[in-house]
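Okay, structure first, notes after.
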Amino acid sequence: MKTSLFLLLLLPFWGFAQSKSANNSIDGVITCLHYDTAVVSGPITINDNYNEEDILKNIKDDIKYKGNVEFKIGFTTIKCDEAITNENKHSLTAGSVIIHCLYYPVLKGDQLIYNKDTKKATLTGHIVLEDKGAIKSIGKTASLDFSHEKYIILSLK
């Protein structure tokens with residue numbers, strides 16, 4: 001009886017441990033944590049042969065964020081001066097970017113273009129890596145992977 005009760009008590013914890021993914025992959029969802037202002041812009045013209053369902057499916061608004069903008073992907077935080085999310089292209093474009101993740105170096109660059117479908121991004125401009133107070137210029141283009149809880153640098157040029 002005691003063994004059965006003990007197993008029943010551990011069952012919720014065992015189920016939780018089994019549900020965790022082995023490679024810690026994430027779904028690439030971008031969560032906007034903060035912005036000062038946001039402007040939503042829709043299409044200027046709509047094709048006349050679109051019915052209401054086509055419009056809702058195919059034409060989505062872009063959102064332009066300005067001032068102290070902050071996004072989160074997994075455990076990675078992206079801070080920038082301004083950003084545009086494009087729902088049709090499934091992308092995020094951000095300017096004056098700071099990428100931070102706990103226990104990882106801070107990456108800074110002029111522009112970040114993130115593809116929500118591939119979970120990959122390109123950071124361009126003057127790219128700087130800050131680690132424990134040391135600042136190092138590392139190039140003009142960096143390919144990044146956000147498909148895990150923390151960012152991964154795929155290549156530098």
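Every chain in the structure tokens has a letter given in the order shown (A, B, ...), and although residue numbers restart at 1 in each chain, ligands are simply numbered from 1 in the order shown.
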Practice problem: Write out as a count of residues only which residues come within 9 Å of Val40 of chain A when counting only C-alpha atoms, dropping same-chain ones fewer than 6 positions away. | Solution: 5
Exercise. For segment 133-136 of chain A, work out the shell of residues within 10 Å, counting only C-alpha atoms and skipping chain neighbours fewer than 4 positions away, then give it as a PyMOL selection string.
Key: chain A and resi 105-107+127-129
Name all residues at most 8 Å from Lys120 of chain A (count only C-alpha atoms; drop same-chain ones fewer than 2 positions away) and give them as a CSV table (one decimal) with C-alpha atoms, in the first residue's frame.
```
chain,number,residue,atom,x,y,z
A,114,TYR,CA,14.5,37.5,-38.0
A,115,ASN,CA,12.5,34.9,-39.9
A,116,LYS,CA,9.8,33.3,-37.7
A,118,THR,CA,13.2,29.2,-40.0
A,122,THR,CA,20.9,37.9,-39.6
A,143,SER,CA,24.0,34.5,-38.7
A,144,LEU,CA,22.1,33.5,-35.6
A,145,ASP,CA,19.9,30.5,-34.7
A,146,PHE,CA,17.0,31.1,-32.2
A,147,SER,CA,15.5,27.6,-32.5
```
Self-check item: Nearest to Asn88 of chain A, chosen from A:Gly67, A:Glu149, A:Leu102, A:Asp117, with only C-alpha atoms counted in the distances
Solution: A:Asp117
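For the atom pair formed by atom CA of Glu87 of chain A and atom CA of Ile153 of chain A, the distance is 25.1 Å, given to one decimal.
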Quiz item: Please, what distance in Å, to one decimal, runs between atom CA of Gly139 of chain A and atom CA of Cys32 of chain A?
Solution: 27.8 Å
Exercise. Figure out the distance between atom CA of Ile84 of chain A and atom CA of His126 of chain A, please, to one decimal in Å.
Key: 20.4 Å
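Nearest-residue note for His100 of chain A: choosing from A:Thr85, A:Thr124, A:Thr76, A:Asn51, the minimum distance belongs to A:Thr76, counting only C-alpha atoms.
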Practice problem: Excluding Val69 of chain A and residues on its chain fewer than 4 positions from it, collect all residues at most 12 Å away from it, counting only C-alpha atoms, and give them as a ChimeraX atom specification. | Solution: /A:31-38,64-65,77-85,93-99
Exercise. Could you find all residues in segment 48-144 of chain A that DSSP calls strand (DSSP E or B) from the backbone, and write them as a ChimeraX atom specification?
Key: /A:62-73,76-86,91-101,106-115,120-131,134-144
File of the preceding selection, C-alpha atoms, as a compact mmCIF listing (two decimals), in the first residue's frame:
```txt
# COMPACT_ATOMS: atom_id res chain seq x y z
CA ASP A 62 2.40 45.27 -39.94
CA ILE A 63 3.20 46.72 -36.56
CA LYS A 64 5.91 49.36 -36.17
CA TYR A 65 7.25 49.68 -32.62
CA LYS A 66 9.31 52.65 -31.42
CA GLY A 67 11.19 53.55 -28.26
CA ASN A 68 12.66 51.06 -25.78
CA VAL A 69 11.34 48.05 -27.67
CA GLU A 70 11.93 44.65 -26.10
CA PHE A 71 11.14 41.17 -27.47
CA LYS A 72 11.72 37.70 -26.09
CA ILE A 73 12.40 34.44 -27.93
CA THR A 76 16.85 35.40 -25.32
CA THR A 77 15.90 39.07 -25.03
CA ILE A 78 16.16 41.44 -27.99
CA LYS A 79 16.19 45.15 -27.19
CA CYS A 80 16.11 47.80 -29.90
CA ASP A 81 15.18 51.40 -30.70
CA GLU A 82 12.55 50.44 -33.26
CA ALA A 83 11.17 47.33 -34.92
CA ILE A 84 8.68 46.21 -37.54
CA THR A 85 6.87 42.89 -37.41
CA ASN A 86 5.59 41.77 -40.80
CA SER A 91 9.58 38.43 -39.99
CA LEU A 92 10.90 40.91 -37.49
CA THR A 93 13.22 43.73 -38.50
CA ALA A 94 14.86 45.69 -35.68
CA GLY A 95 17.34 48.59 -35.54
CA SER A 96 20.07 49.37 -32.98
CA VAL A 97 19.87 45.87 -31.51
CA ILE A 98 21.12 44.42 -28.22
CA ILE A 99 20.75 40.65 -27.82
CA HIS A 100 21.03 39.28 -24.30
CA CYS A 101 20.69 35.81 -22.83
CA VAL A 106 25.78 40.34 -25.17
CA LEU A 107 25.63 40.90 -28.93
CA LYS A 108 25.09 44.35 -30.41
CA GLY A 109 24.47 45.29 -34.02
CA ASP A 110 22.87 47.88 -36.26
CA GLN A 111 20.07 45.74 -37.72
CA LEU A 112 18.50 42.34 -37.07
CA ILE A 113 16.25 40.51 -39.52
CA TYR A 114 14.53 37.48 -37.98
CA ASN A 115 12.52 34.87 -39.90
CA LYS A 120 17.12 32.16 -37.95
CA ALA A 121 18.29 35.76 -38.05
CA THR A 122 20.95 37.94 -39.61
CA LEU A 123 22.59 40.65 -37.53
CA THR A 124 24.38 43.29 -39.61
CA GLY A 125 26.33 46.50 -39.17
CA HIS A 126 29.09 47.00 -36.66
CA ILE A 127 28.72 43.84 -34.54
CA VAL A 128 30.14 43.91 -31.03
CA LEU A 129 30.39 41.13 -28.48
CA GLU A 130 30.46 42.08 -24.78
CA ASP A 131 31.51 39.45 -22.27
CA ALA A 134 35.39 43.02 -22.38
CA ILE A 135 34.20 44.49 -25.70
CA LYS A 136 35.28 42.97 -28.99
CA SER A 137 34.33 43.89 -32.56
CA ILE A 138 33.56 40.60 -34.32
CA GLY A 139 32.54 41.59 -37.86
CA LYS A 140 29.81 43.05 -40.01
CA THR A 141 27.45 40.07 -40.45
CA ALA A 142 26.42 37.31 -38.06
CA SER A 143 24.00 34.47 -38.73
CA LEU A 144 22.07 33.46 -35.62
```
